[in-house]
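Data block for query_27.cif (mmCIF, C-alpha atoms):
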data_query
#
loop_
_atom_site.group_PDB
_atom_site.id
_atom_site.type_symbol
_atom_site.label_atom_id
_atom_site.label_comp_id
_atom_site.auth_asym_id
_atom_site.auth_seq_id
_atom_site.Cartn_x
_atom_site.Cartn_y
_atom_site.Cartn_z
ATOM 1 C CA MET A 6 49.963 -229.904 231.932
ATOM 2 C CA SER A 7 51.077 -226.400 231.008
ATOM 3 C CA ASP A 8 50.445 -223.512 233.379
ATOM 4 C CA LEU A 9 47.192 -221.790 232.429
ATOM 5 C CA LYS A 10 49.032 -218.485 231.975
ATOM 6 C CA HIS A 11 51.104 -220.062 229.201
ATOM 7 C CA LEU A 12 47.971 -221.259 227.409
ATOM 8 C CA ARG A 13 46.691 -217.703 227.568
ATOM 9 C CA LEU A 14 50.070 -216.435 226.361
ATOM 10 C CA ARG A 15 49.804 -218.689 223.291
ATOM 11 C CA ALA A 16 46.262 -217.533 222.533
ATOM 12 C CA GLY A 17 47.292 -213.881 222.786
ATOM 13 C CA LEU A 18 50.301 -214.540 220.556
ATOM 14 C CA TYR A 19 48.083 -216.022 217.848
ATOM 15 C CA THR A 20 45.755 -213.015 217.990
ATOM 16 C CA CYS A 21 48.676 -210.607 217.659
ATOM 17 C CA ILE A 22 50.243 -212.508 214.755
ATOM 18 C CA ARG A 23 46.972 -212.624 212.838
ATOM 19 C CA ALA A 24 46.440 -208.894 213.413
ATOM 20 C CA PHE A 25 49.977 -208.184 212.146
ATOM 21 C CA PHE A 26 49.352 -209.989 208.854
ATOM 22 C CA ALA A 27 45.800 -208.689 208.428
ATOM 23 C CA GLU A 28 47.118 -205.131 208.642
ATOM 24 C CA ARG A 29 49.677 -205.967 205.944
ATOM 25 C CA HIS A 30 47.155 -207.771 203.713
ATOM 26 C CA VAL A 31 48.852 -211.155 203.927
ATOM 27 C CA LEU A 32 46.305 -213.941 203.429
ATOM 28 C CA GLU A 33 45.971 -216.756 205.969
ATOM 29 C CA VAL A 34 45.651 -220.158 204.275
ATOM 30 C CA GLU A 35 45.481 -223.803 205.333
ATOM 31 C CA THR A 36 47.232 -226.678 203.554
ATOM 32 C CA PRO A 37 47.359 -230.488 204.050
ATOM 33 C CA MET A 38 49.233 -232.081 206.935
ATOM 34 C CA LEU A 39 49.410 -235.446 205.109
ATOM 35 C CA SER A 40 51.205 -235.651 201.776
ATOM 36 C CA ALA A 41 52.261 -238.251 199.234
ATOM 37 C CA ALA A 42 55.783 -236.744 199.450
ATOM 38 C CA GLY A 43 58.076 -235.911 202.348
ATOM 39 C CA ASN A 44 61.067 -233.793 203.295
ATOM 40 C CA THR A 45 64.273 -235.187 201.781
ATOM 41 C CA ASP A 46 66.582 -233.185 204.090
ATOM 42 C CA PRO A 47 68.870 -235.878 205.599
ATOM 43 C CA ASN A 48 68.976 -234.022 208.920
ATOM 44 C CA ILE A 49 65.182 -234.026 209.335
ATOM 45 C CA GLN A 50 63.240 -237.241 209.920
ATOM 46 C CA SER A 51 59.565 -237.485 209.010
ATOM 47 C CA PHE A 52 56.713 -239.516 210.424
ATOM 48 C CA SER A 53 54.850 -241.603 207.856
ATOM 49 C CA THR A 54 51.612 -243.554 207.866
ATOM 50 C CA ARG A 55 49.496 -245.562 205.405
ATOM 51 C CA PHE A 56 46.092 -244.877 203.873
ATOM 52 C CA THR A 57 43.937 -248.017 203.598
ATOM 53 C CA GLY A 58 41.095 -246.617 201.477
ATOM 54 C CA HIS A 59 40.400 -246.862 197.746
ATOM 55 C CA VAL A 60 43.456 -247.008 195.514
ATOM 56 C CA ASP A 61 42.109 -244.165 193.344
ATOM 57 C CA ALA A 62 43.046 -241.825 196.202
ATOM 58 C CA GLY A 63 46.698 -242.154 195.254
ATOM 59 C CA SER A 64 49.789 -243.416 197.034
ATOM 60 C CA PRO A 65 48.946 -245.339 200.216
ATOM 61 C CA GLN A 66 52.101 -244.114 201.966
ATOM 62 C CA ARG A 67 51.623 -240.624 203.371
ATOM 63 C CA TRP A 68 54.016 -238.318 205.172
ATOM 64 C CA LEU A 69 53.176 -235.981 208.025
ATOM 65 C CA ARG A 70 54.533 -232.592 207.065
ATOM 66 C CA THR A 71 57.674 -231.219 208.668
ATOM 67 C CA SER A 72 56.721 -227.788 207.295
ATOM 68 C CA PRO A 73 53.897 -226.357 205.137
ATOM 69 C CA GLU A 74 56.521 -225.078 202.680
ATOM 70 C CA PHE A 75 55.787 -227.282 199.659
ATOM 71 C CA PRO A 76 52.009 -226.744 199.412
ATOM 72 C CA LEU A 77 52.402 -223.034 200.159
ATOM 73 C CA LYS A 78 54.766 -222.749 197.186
ATOM 74 C CA ARG A 79 52.213 -224.520 195.010
ATOM 75 C CA LEU A 80 49.675 -221.884 196.067
ATOM 76 C CA LEU A 81 52.163 -219.150 195.189
ATOM 77 C CA ALA A 82 52.622 -220.706 191.756
ATOM 78 C CA ALA A 83 48.831 -220.644 191.351
ATOM 79 C CA GLY A 84 48.782 -216.903 192.034
ATOM 80 C CA VAL A 85 47.615 -216.680 195.655
ATOM 81 C CA GLY A 86 50.023 -213.807 196.408
ATOM 82 C CA ASP A 87 51.374 -212.954 199.871
ATOM 83 C CA CYS A 88 50.240 -215.672 202.282
ATOM 84 C CA TYR A 89 50.915 -217.355 205.602
ATOM 85 C CA GLU A 90 49.970 -220.461 207.524
ATOM 86 C CA MET A 91 50.152 -221.195 211.251
ATOM 87 C CA GLY A 92 49.700 -224.856 212.081
ATOM 88 C CA ARG A 93 51.084 -228.083 213.473
ATOM 89 C CA VAL A 94 54.111 -229.829 211.986
ATOM 90 C CA PHE A 95 55.830 -233.093 212.940
ATOM 91 C CA ARG A 96 59.444 -234.245 213.161
ATOM 92 C CA ASP A 97 60.454 -237.722 214.249
ATOM 93 C CA GLY A 98 63.216 -238.168 216.807
ATOM 94 C CA GLU A 99 63.111 -234.589 218.097
ATOM 95 C CA ALA A 100 62.066 -234.880 221.752
ATOM 96 C CA GLY A 101 63.755 -233.355 224.779
ATOM 97 C CA GLY A 102 64.021 -230.274 226.932
ATOM 98 C CA ARG A 103 63.803 -227.912 223.949
ATOM 99 C CA HIS A 104 62.180 -230.112 221.278
ATOM 100 C CA ASN A 105 58.802 -231.782 220.822
ATOM 101 C CA PRO A 106 57.945 -234.084 217.887
ATOM 102 C CA GLU A 107 54.713 -232.112 217.334
ATOM 103 C CA PHE A 108 54.909 -228.332 217.347
ATOM 104 C CA THR A 109 53.497 -225.198 215.735
ATOM 105 C CA MET A 110 55.132 -223.400 212.823
ATOM 106 C CA LEU A 111 54.342 -219.993 211.375
ATOM 107 C CA GLU A 112 55.434 -219.750 207.756
ATOM 108 C CA TRP A 113 54.896 -216.848 205.380
ATOM 109 C CA TYR A 114 55.828 -215.694 201.887
ATOM 110 C CA ARG A 115 56.214 -212.253 200.309
ATOM 111 C CA VAL A 116 56.048 -211.939 196.538
ATOM 112 C CA GLY A 117 58.696 -209.710 194.948
ATOM 113 C CA TRP A 118 60.796 -209.600 198.124
ATOM 114 C CA ASP A 119 64.297 -210.897 198.763
ATOM 115 C CA ASP A 120 65.696 -212.419 201.946
ATOM 116 C CA ALA A 121 67.037 -209.104 203.284
ATOM 117 C CA LYS A 122 63.667 -207.361 203.045
ATOM 118 C CA LEU A 123 61.873 -210.295 204.656
ATOM 119 C CA ALA A 124 64.387 -210.395 207.516
ATOM 120 C CA ARG A 125 63.407 -206.822 208.337
ATOM 121 C CA GLU A 126 59.745 -207.841 208.518
ATOM 122 C CA VAL A 127 60.668 -210.679 210.878
ATOM 123 C CA ILE A 128 62.351 -208.111 213.109
ATOM 124 C CA ASP A 129 59.234 -205.916 212.981
ATOM 125 C CA LEU A 130 57.027 -208.809 214.094
ATOM 126 C CA LEU A 131 59.397 -209.877 216.867
ATOM 127 C CA GLN A 132 59.666 -206.351 218.255
ATOM 128 C CA ILE A 133 55.881 -206.084 218.436
ATOM 129 C CA LEU A 134 55.517 -209.462 220.162
ATOM 130 C CA LEU A 135 58.358 -208.833 222.597
ATOM 131 C CA LEU A 136 57.130 -205.337 223.455
ATOM 132 C CA ARG A 137 53.688 -206.809 224.155
ATOM 133 C CA ALA A 138 55.404 -208.991 226.756
ATOM 134 C CA GLY A 139 57.257 -205.995 228.218
ATOM 135 C CA ARG A 140 60.567 -206.858 226.553
ATOM 136 C CA THR A 141 62.870 -204.587 224.601
ATOM 137 C CA VAL A 142 65.856 -205.936 222.692
ATOM 138 C CA ASP A 143 68.865 -204.795 220.734
ATOM 139 C CA ILE A 144 69.070 -205.784 217.066
ATOM 140 C CA VAL A 145 72.357 -207.072 215.651
ATOM 141 C CA GLU A 146 72.679 -207.993 211.967
ATOM 142 C CA THR A 147 75.687 -209.881 210.662
ATOM 143 C CA THR A 148 76.723 -212.312 207.968
ATOM 144 C CA TYR A 149 77.486 -215.962 208.667
ATOM 145 C CA ARG A 150 81.098 -215.373 207.674
ATOM 146 C CA GLY A 151 81.376 -212.253 209.813
ATOM 147 C CA LEU A 152 79.842 -213.969 212.838
ATOM 148 C CA PHE A 153 82.335 -216.853 212.774
ATOM 149 C CA ARG A 154 85.241 -214.504 212.151
ATOM 150 C CA ASP A 155 84.310 -212.110 214.969
ATOM 151 C CA THR A 156 83.513 -214.764 217.586
ATOM 152 C CA LEU A 157 85.914 -217.615 216.798
ATOM 153 C CA GLY A 158 88.518 -216.145 214.454
ATOM 154 C CA VAL A 159 87.786 -218.682 211.712
ATOM 155 C CA ASP A 160 86.631 -218.209 208.125
ATOM 156 C CA ALA A 161 83.494 -220.324 207.827
ATOM 157 C CA LEU A 162 83.566 -220.168 204.020
ATOM 158 C CA THR A 163 87.210 -220.930 203.225
ATOM 159 C CA ASP A 164 89.113 -222.375 206.207
ATOM 160 C CA PRO A 165 89.908 -226.115 206.027
ATOM 161 C CA VAL A 166 87.984 -228.539 208.236
ATOM 162 C CA GLU A 167 91.037 -228.991 210.463
ATOM 163 C CA ARG A 168 90.890 -225.290 211.371
ATOM 164 C CA LEU A 169 87.149 -225.451 212.009
ATOM 165 C CA ARG A 170 87.636 -228.362 214.415
ATOM 166 C CA GLU A 171 90.087 -226.488 216.662
ATOM 167 C CA PRO A 172 87.549 -224.503 218.766
ATOM 168 C CA LEU A 173 85.699 -227.768 219.470
ATOM 169 C CA SER A 174 88.745 -229.725 220.651
ATOM 170 C CA PRO A 175 87.948 -229.303 224.397
ATOM 171 C CA ILE A 176 84.605 -231.071 223.870
ATOM 172 C CA GLY A 177 86.211 -234.200 222.408
ATOM 173 C CA ILE A 178 83.746 -234.791 219.560
ATOM 174 C CA ASP A 179 84.145 -238.026 217.594
ATOM 175 C CA PRO A 180 84.998 -236.885 214.027
ATOM 176 C CA GLU A 181 83.855 -240.128 212.388
ATOM 177 C CA GLY A 182 81.479 -239.396 209.506
ATOM 178 C CA LEU A 183 81.340 -235.640 210.124
ATOM 179 C CA GLU A 184 81.555 -233.338 207.104
ATOM 180 C CA ARG A 185 82.339 -229.643 206.804
ATOM 181 C CA ASP A 186 78.770 -228.472 207.379
ATOM 182 C CA ASP A 187 78.486 -230.738 210.429
ATOM 183 C CA TRP A 188 81.481 -228.980 211.984
ATOM 184 C CA LEU A 189 80.020 -225.580 211.174
ATOM 185 C CA ASP A 190 76.728 -226.588 212.806
ATOM 186 C CA LEU A 191 78.580 -227.796 215.900
ATOM 187 C CA LEU A 192 80.489 -224.520 216.125
ATOM 188 C CA MET A 193 77.214 -222.609 215.935
ATOM 189 C CA THR A 194 75.349 -224.710 218.515
ATOM 190 C CA HIS A 195 78.241 -225.256 220.951
ATOM 191 C CA ARG A 196 80.466 -222.197 220.642
ATOM 192 C CA ILE A 197 78.447 -219.292 219.228
ATOM 193 C CA GLN A 198 74.712 -219.591 219.827
ATOM 194 C CA PRO A 199 74.835 -220.224 223.621
ATOM 195 C CA ASN A 200 76.651 -216.904 224.094
ATOM 196 C CA PHE A 201 74.063 -214.702 222.380
ATOM 197 C CA PRO A 202 72.750 -212.214 224.987
ATOM 198 C CA ARG A 203 69.143 -212.853 226.007
ATOM 199 C CA ASP A 204 68.181 -209.224 225.393
ATOM 200 C CA ARG A 205 69.318 -209.319 221.764
ATOM 201 C CA VAL A 206 67.844 -210.323 218.420
ATOM 202 C CA THR A 207 70.608 -211.591 216.130
ATOM 203 C CA VAL A 208 70.048 -211.836 212.382
ATOM 204 C CA VAL A 209 72.575 -213.968 210.490
ATOM 205 C CA SER A 210 72.576 -213.850 206.666
ATOM 206 C CA ASP A 211 74.513 -215.164 203.648
ATOM 207 C CA PHE A 212 74.985 -218.794 204.632
ATOM 208 C CA PRO A 213 77.483 -221.136 202.968
ATOM 209 C CA ALA A 214 76.225 -222.242 199.551
ATOM 210 C CA SER A 215 76.365 -225.851 200.774
ATOM 211 C CA GLN A 216 73.611 -224.969 203.280
ATOM 212 C CA CYS A 217 71.272 -223.504 200.670
ATOM 213 C CA ALA A 218 68.377 -225.996 201.201
ATOM 214 C CA LEU A 219 65.616 -224.345 199.109
ATOM 215 C CA ALA A 220 67.294 -220.936 198.843
ATOM 216 C CA ARG A 221 68.893 -219.241 195.846
ATOM 217 C CA ILE A 222 72.663 -219.131 195.583
ATOM 218 C CA ARG A 223 74.332 -215.770 194.968
ATOM 219 C CA HIS A 224 77.551 -216.206 193.027
ATOM 220 C CA ASP A 225 79.874 -214.073 195.125
ATOM 221 C CA ASP A 226 83.453 -215.171 195.722
ATOM 222 C CA PRO A 227 82.919 -217.581 197.380
ATOM 223 C CA PRO A 228 79.202 -218.166 196.591
ATOM 224 C CA VAL A 229 76.661 -217.827 199.416
ATOM 225 C CA ALA A 230 73.072 -218.932 199.956
ATOM 226 C CA GLU A 231 70.506 -216.131 200.150
ATOM 227 C CA ARG A 232 69.341 -217.420 203.508
ATOM 228 C CA PHE A 233 68.997 -215.931 206.986
ATOM 229 C CA GLU A 234 68.347 -217.135 210.518
ATOM 230 C CA VAL A 235 67.008 -215.088 213.416
ATOM 231 C CA TYR A 236 67.839 -215.705 217.068
ATOM 232 C CA VAL A 237 66.212 -214.242 220.163
ATOM 233 C CA GLY A 238 68.825 -214.670 222.834
ATOM 234 C CA PRO A 239 70.326 -218.154 222.324
ATOM 235 C CA TYR A 240 67.223 -219.530 220.584
ATOM 236 C CA GLU A 241 66.898 -219.857 216.829
ATOM 237 C CA VAL A 242 63.324 -218.785 216.103
ATOM 238 C CA ALA A 243 63.224 -218.250 212.319
ATOM 239 C CA ASN A 244 64.847 -219.492 209.110
ATOM 240 C CA GLY A 245 64.225 -217.692 205.808
ATOM 241 C CA TYR A 246 65.198 -217.849 202.141
ATOM 242 C CA HIS A 247 65.140 -215.907 198.922
ATOM 243 C CA GLU A 248 63.310 -218.835 197.387
ATOM 244 C CA LEU A 249 64.677 -220.940 194.542
ATOM 245 C CA ASN A 250 62.162 -221.241 191.710
ATOM 246 C CA ASP A 251 64.200 -223.407 189.362
ATOM 247 C CA ALA A 252 62.609 -226.875 189.260
ATOM 248 C CA ALA A 253 65.609 -228.584 187.615
ATOM 249 C CA GLU A 254 68.018 -227.260 190.258
ATOM 250 C CA GLN A 255 65.615 -228.149 193.070
ATOM 251 C CA ARG A 256 65.269 -231.716 191.765
ATOM 252 C CA GLN A 257 69.054 -232.071 191.817
ATOM 253 C CA ARG A 258 69.098 -230.898 195.445
ATOM 254 C CA PHE A 259 66.372 -233.376 196.426
ATOM 255 C CA GLU A 260 68.282 -236.169 194.702
ATOM 256 C CA ARG A 261 71.495 -235.182 196.513
ATOM 257 C CA ASP A 262 69.578 -235.325 199.789
ATOM 258 C CA ASN A 263 68.402 -238.867 199.068
ATOM 259 C CA ALA A 264 71.933 -239.865 198.049
ATOM 260 C CA LYS A 265 73.134 -238.708 201.482
ATOM 261 C CA ARG A 266 70.333 -240.714 203.072
ATOM 262 C CA ARG A 267 71.441 -243.834 201.221
ATOM 263 C CA ALA A 268 75.043 -243.256 202.300
ATOM 264 C CA ARG A 269 73.927 -242.940 205.920
ATOM 265 C CA GLY A 270 71.715 -246.014 205.718
ATOM 266 C CA THR A 271 68.522 -244.052 206.363
ATOM 267 C CA PRO A 272 65.348 -244.446 204.269
ATOM 268 C CA GLU A 273 64.906 -242.312 201.193
ATOM 269 C CA VAL A 274 61.900 -239.987 201.076
ATOM 270 C CA ALA A 275 59.507 -239.567 198.155
ATOM 271 C CA ILE A 276 60.277 -236.383 196.192
ATOM 272 C CA ASP A 277 57.411 -233.912 195.893
ATOM 273 C CA GLU A 278 56.675 -234.057 192.175
ATOM 274 C CA SER A 279 53.692 -231.719 192.564
ATOM 275 C CA LEU A 280 56.010 -229.033 193.936
ATOM 276 C CA LEU A 281 58.524 -229.525 191.131
ATOM 277 C CA ALA A 282 55.762 -229.333 188.519
ATOM 278 C CA ALA A 283 54.736 -225.924 189.900
ATOM 279 C CA LEU A 284 58.090 -224.439 190.894
ATOM 280 C CA ASP A 285 59.010 -222.819 187.578
ATOM 281 C CA ARG A 286 55.742 -220.861 187.774
ATOM 282 C CA MET A 287 56.359 -219.632 191.316
ATOM 283 C CA PRO A 288 57.013 -215.873 191.361
ATOM 284 C CA ASP A 289 60.167 -214.319 192.731
ATOM 285 C CA CYS A 290 59.581 -214.344 196.482
ATOM 286 C CA ALA A 291 61.046 -214.777 199.951
ATOM 287 C CA GLY A 292 59.741 -217.057 202.678
ATOM 288 C CA VAL A 293 60.408 -217.704 206.339
ATOM 289 C CA ALA A 294 59.437 -220.280 208.952
ATOM 290 C CA MET A 295 59.150 -219.372 212.638
ATOM 291 C CA GLY A 296 58.877 -221.816 215.534
ATOM 292 C CA ILE A 297 56.025 -220.747 217.793
ATOM 293 C CA GLU A 298 57.107 -222.806 220.802
ATOM 294 C CA ARG A 299 60.619 -221.336 220.687
ATOM 295 C CA LEU A 300 59.083 -217.884 220.640
ATOM 296 C CA LEU A 301 56.757 -218.756 223.518
ATOM 297 C CA MET A 302 59.722 -220.017 225.530
ATOM 298 C CA VAL A 303 61.390 -216.633 225.065
ATOM 299 C CA LEU A 304 58.235 -214.729 226.030
ATOM 300 C CA ALA A 305 57.598 -216.966 229.041
ATOM 301 C CA GLY A 306 61.216 -216.841 230.218
ATOM 302 C CA THR A 307 61.644 -220.623 230.306
ATOM 303 C CA ASP A 308 64.197 -223.039 228.851
ATOM 304 C CA ALA A 309 61.762 -226.000 228.909
ATOM 305 C CA ILE A 310 59.473 -226.500 225.926
ATOM 306 C CA ALA A 311 57.104 -228.550 228.105
ATOM 307 C CA ASP A 312 56.203 -225.349 229.961
ATOM 308 C CA VAL A 313 54.535 -223.874 226.872
ATOM 309 C CA LEU A 314 52.727 -227.008 225.656
ATOM 310 C CA ALA A 315 49.300 -228.078 226.880
ATOM 311 C CA PHE A 316 50.738 -231.608 227.087
ATOM 312 C CA PRO A 317 54.290 -232.545 226.055
ATOM 313 C CA PHE A 318 55.025 -235.656 223.973
ATOM 314 C CA SER A 319 55.565 -237.836 227.057
ATOM 315 C CA GLU A 320 52.044 -237.005 228.281
ATOM 316 C CA ALA A 321 50.200 -236.794 224.956
#
Have the structure of the file written as structure tokens, please.
Amino acid sequence: MSDLKHLRLRAGLYTCIRAFFAERHVLEVETPMLSAAGNTDPNIQSFSTRFTGHVDAGSPQRWLRTSPEFPLKRLLAAGVGDCYEMGRVFRDGEAGGRHNPEFTMLEWYRVGWDDAKLAREVIDLLQILLLRAGRTVDIVETTYRGLFRDTLGVDALTDPVERLREPLSPIGIDPEGLERDDWLDLLMTHRIQPNFPRDRVTVVSDFPASQCALARIRHDDPPVAERFEVYVGPYEVANGYHELNDAAEQRQRFERDNAKRRARGTPEVAIDESLLAALDRMPDCAGVAMGIERLLMVLAGTDAIADVLAFPFSEA
């Protein structure tokens, strides 16, 4: 069981977050945890279950959400305006010292904003929460390309895979089946992220276009995804996008995801047709997801996610 002080820390964090958004007139909403569609991302595995009631209720197979993103975007398309949700999400296979299959995600959307403006609001929120815990931090903003160049001397957008593999050679990683983005992810998690100072917030923007997920692509040379990630010390705590609102393009991305799943021999996931039906009506906006447990770990000064959970997965 978690230390009582960490339960109190979580409760105080929730109060502070809600006050932050109330002051800025961002509406708190609640959306379903069970859906007829899932997350197609081949690197994220979903839990699924079956509904045994009347067939008029729809598809019997239901997916536990990995994020509230899809229903929140449907609300945006319906005109809800700036909104946020703070609730439980579920990811299969993610259990360990820093991961729990069930965790809490804060996700919010700002209408008429781009990714750069939203990243600044993320910084504002983090500074308030950290200061409340007696912490002050430096803020460093960089691009994905600039970060890799400055820390490893490689060009993340143009260098060949062979060059990207060089800084990882001492680890002896099996290259079988690994693609360019896999090597970039390994460089981030093994060579860059662990060295971020603990008293620093690092904002990384302009990701490779191949890592766009649900973000818009800006056609620079080379193109980049209008996406950012925020780290407190070595922990990634937030991932945000200037949101794509082109249903045809998003369908193609979902279909590419399922093609990768087939190639890997993993089950395909039902595409969210309700999202696609609404996406063209979604206003220009930016959105971000923040992991509450990661943030609590930073505030509590612990590297073990179990310390900030009432009961970890092994004891649930």
Practice problem: Using only C-alpha atoms, determine which residues lie at most 8 Å from stretch 105-113 of chain A, disregarding the query and same-chain residues fewer than 5 positions distant; provide the list as a PyMOL selection string. | Solution: chain A and resi 72-74+87-100+292-298+310+317-318
Got time to write the residues from that selection, C-alpha atoms, as an mmCIF file, keeping the file's coordinate frame?
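What follows is the written file part.cif:
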data_model
loop_
_atom_site.group_PDB
_atom_site.id
_atom_site.type_symbol
_atom_site.label_atom_id
_atom_site.label_comp_id
_atom_site.auth_asym_id
_atom_site.auth_seq_id
_atom_site.Cartn_x
_atom_site.Cartn_y
_atom_site.Cartn_z
ATOM 1 C CA SER A 72 56.721 -227.788 207.295
ATOM 2 C CA PRO A 73 53.897 -226.357 205.137
ATOM 3 C CA GLU A 74 56.521 -225.078 202.680
ATOM 4 C CA ASP A 87 51.374 -212.954 199.871
ATOM 5 C CA CYS A 88 50.240 -215.672 202.282
ATOM 6 C CA TYR A 89 50.915 -217.355 205.602
ATOM 7 C CA GLU A 90 49.970 -220.461 207.524
ATOM 8 C CA MET A 91 50.152 -221.195 211.251
ATOM 9 C CA GLY A 92 49.700 -224.856 212.081
ATOM 10 C CA ARG A 93 51.084 -228.083 213.473
ATOM 11 C CA VAL A 94 54.111 -229.829 211.986
ATOM 12 C CA PHE A 95 55.830 -233.093 212.940
ATOM 13 C CA ARG A 96 59.444 -234.245 213.161
ATOM 14 C CA ASP A 97 60.454 -237.722 214.249
ATOM 15 C CA GLY A 98 63.216 -238.168 216.807
ATOM 16 C CA GLU A 99 63.111 -234.589 218.097
ATOM 17 C CA ALA A 100 62.066 -234.880 221.752
ATOM 18 C CA GLY A 292 59.741 -217.057 202.678
ATOM 19 C CA VAL A 293 60.408 -217.704 206.339
ATOM 20 C CA ALA A 294 59.437 -220.280 208.952
ATOM 21 C CA MET A 295 59.150 -219.372 212.638
ATOM 22 C CA GLY A 296 58.877 -221.816 215.534
ATOM 23 C CA ILE A 297 56.025 -220.747 217.793
ATOM 24 C CA GLU A 298 57.107 -222.806 220.802
ATOM 25 C CA ILE A 310 59.473 -226.500 225.926
ATOM 26 C CA PRO A 317 54.290 -232.545 226.055
ATOM 27 C CA PHE A 318 55.025 -235.656 223.973
#
So which residues get picked by the PyMOL selection byres ((chain A and resi 250-259) around 7) here, written as a PDB file with C-alpha atoms, in the frame of the given file?
ATOM      1  CA  THR A  45      64.273-235.187 201.781  1.00  0.00           C
ATOM      2  CA  GLU A 248      63.310-218.835 197.387  1.00  0.00           C
ATOM      3  CA  LEU A 249      64.677-220.940 194.542  1.00  0.00           C
ATOM      4  CA  GLU A 260      68.282-236.169 194.702  1.00  0.00           C
ATOM      5  CA  ARG A 261      71.495-235.182 196.513  1.00  0.00           C
ATOM      6  CA  ASP A 262      69.578-235.325 199.789  1.00  0.00           C
ATOM      7  CA  ASN A 263      68.402-238.867 199.068  1.00  0.00           C
ATOM      8  CA  ILE A 276      60.277-236.383 196.192  1.00  0.00           C
ATOM      9  CA  LEU A 281      58.524-229.525 191.131  1.00  0.00           C
ATOM     10  CA  LEU A 284      58.090-224.439 190.894  1.00  0.00           C
ATOM     11  CA  ASP A 285      59.010-222.819 187.578  1.00  0.00           C
ATOM     12  CA  MET A 287      56.359-219.632 191.316  1.00  0.00           C
TER      13      MET A 287
END
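All protein, DNA and RNA residues at most 12 Å from (80.0, -224.8, 220.3) are Phe153, Thr156, Leu157, Leu169, Arg170, Glu171, Pro172, Leu173, Ser174, Pro175, Ile176, Gly177, Ile178, Asp187, Trp188, Leu189, Asp190, Leu191, Leu192, Met193, Thr194, His195, Arg196, Ile197, Gln198, Pro199, Asn200, Phe201 and Pro239 of chain A, using only C-alpha atoms.
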Take the selection from the previous step and output its residues with C-alpha atoms, as an mmCIF file, in the frame of the given file.
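Output below, filename selection22.cif:
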data_model
loop_
_atom_site.group_PDB
_atom_site.id
_atom_site.type_symbol
_atom_site.label_atom_id
_atom_site.label_comp_id
_atom_site.auth_asym_id
_atom_site.auth_seq_id
_atom_site.Cartn_x
_atom_site.Cartn_y
_atom_site.Cartn_z
ATOM 1 C CA PHE A 153 82.335 -216.853 212.774
ATOM 2 C CA THR A 156 83.513 -214.764 217.586
ATOM 3 C CA LEU A 157 85.914 -217.615 216.798
ATOM 4 C CA LEU A 169 87.149 -225.451 212.009
ATOM 5 C CA ARG A 170 87.636 -228.362 214.415
ATOM 6 C CA GLU A 171 90.087 -226.488 216.662
ATOM 7 C CA PRO A 172 87.549 -224.503 218.766
ATOM 8 C CA LEU A 173 85.699 -227.768 219.470
ATOM 9 C CA SER A 174 88.745 -229.725 220.651
ATOM 10 C CA PRO A 175 87.948 -229.303 224.397
ATOM 11 C CA ILE A 176 84.605 -231.071 223.870
ATOM 12 C CA GLY A 177 86.211 -234.200 222.408
ATOM 13 C CA ILE A 178 83.746 -234.791 219.560
ATOM 14 C CA ASP A 187 78.486 -230.738 210.429
ATOM 15 C CA TRP A 188 81.481 -228.980 211.984
ATOM 16 C CA LEU A 189 80.020 -225.580 211.174
ATOM 17 C CA ASP A 190 76.728 -226.588 212.806
ATOM 18 C CA LEU A 191 78.580 -227.796 215.900
ATOM 19 C CA LEU A 192 80.489 -224.520 216.125
ATOM 20 C CA MET A 193 77.214 -222.609 215.935
ATOM 21 C CA THR A 194 75.349 -224.710 218.515
ATOM 22 C CA HIS A 195 78.241 -225.256 220.951
ATOM 23 C CA ARG A 196 80.466 -222.197 220.642
ATOM 24 C CA ILE A 197 78.447 -219.292 219.228
ATOM 25 C CA GLN A 198 74.712 -219.591 219.827
ATOM 26 C CA PRO A 199 74.835 -220.224 223.621
ATOM 27 C CA ASN A 200 76.651 -216.904 224.094
ATOM 28 C CA PHE A 201 74.063 -214.702 222.380
ATOM 29 C CA PRO A 239 70.326 -218.154 222.324
#
Quiz prompt | Residues matched by the PyMOL selection byres ((chain A and resi 132-138) around 9) as a list of chain:residue names | solution =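 So the PyMOL selection byres ((chain A and resi 132-138) around 9) ends up selecting A:Leu18, A:Cys21, A:Ile22, A:Phe25, A:Val127, A:Ile128, A:Asp129, A:Leu130, A:Leu131, A:Gly139, A:Arg140, A:Thr141, A:Val142, A:Val303, A:Leu304, A:Ala305.
Using all atoms listed in the file for every distance, the candidate list A:Leu81, A:Ala264, A:Val145, A:Ala283 yields A:Val145 as the residue closest to A:Asp204.
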Output requested as an mmCIF file, keeping the file's coordinate frame - stretch 96-101 of chain A, filled out with N, CA and C atoms.
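Ended up saving to out-v2.cif:
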data_model
loop_
_atom_site.group_PDB
_atom_site.id
_atom_site.type_symbol
_atom_site.label_atom_id
_atom_site.label_comp_id
_atom_site.auth_asym_id
_atom_site.auth_seq_id
_atom_site.Cartn_x
_atom_site.Cartn_y
_atom_site.Cartn_z
ATOM 1 N N ARG A 96 58.088 -233.791 213.468
ATOM 2 C CA ARG A 96 59.444 -234.245 213.161
ATOM 3 C C ARG A 96 59.815 -235.389 214.089
ATOM 4 N N ASP A 97 60.141 -236.516 213.488
ATOM 5 C CA ASP A 97 60.454 -237.722 214.249
ATOM 6 C C ASP A 97 61.820 -237.580 214.921
ATOM 7 N N GLY A 98 61.940 -238.127 216.109
ATOM 8 C CA GLY A 98 63.216 -238.168 216.807
ATOM 9 C C GLY A 98 63.591 -236.903 217.542
ATOM 10 N N GLU A 99 62.773 -235.855 217.459
ATOM 11 C CA GLU A 99 63.111 -234.589 218.097
ATOM 12 C C GLU A 99 62.268 -234.416 219.362
ATOM 13 N N ALA A 100 62.750 -234.991 220.466
ATOM 14 C CA ALA A 100 62.066 -234.880 221.752
ATOM 15 C C ALA A 100 63.103 -234.620 222.831
ATOM 16 N N GLY A 101 62.811 -233.686 223.717
ATOM 17 C CA GLY A 101 63.755 -233.355 224.779
ATOM 18 C C GLY A 101 63.364 -232.068 225.460
#
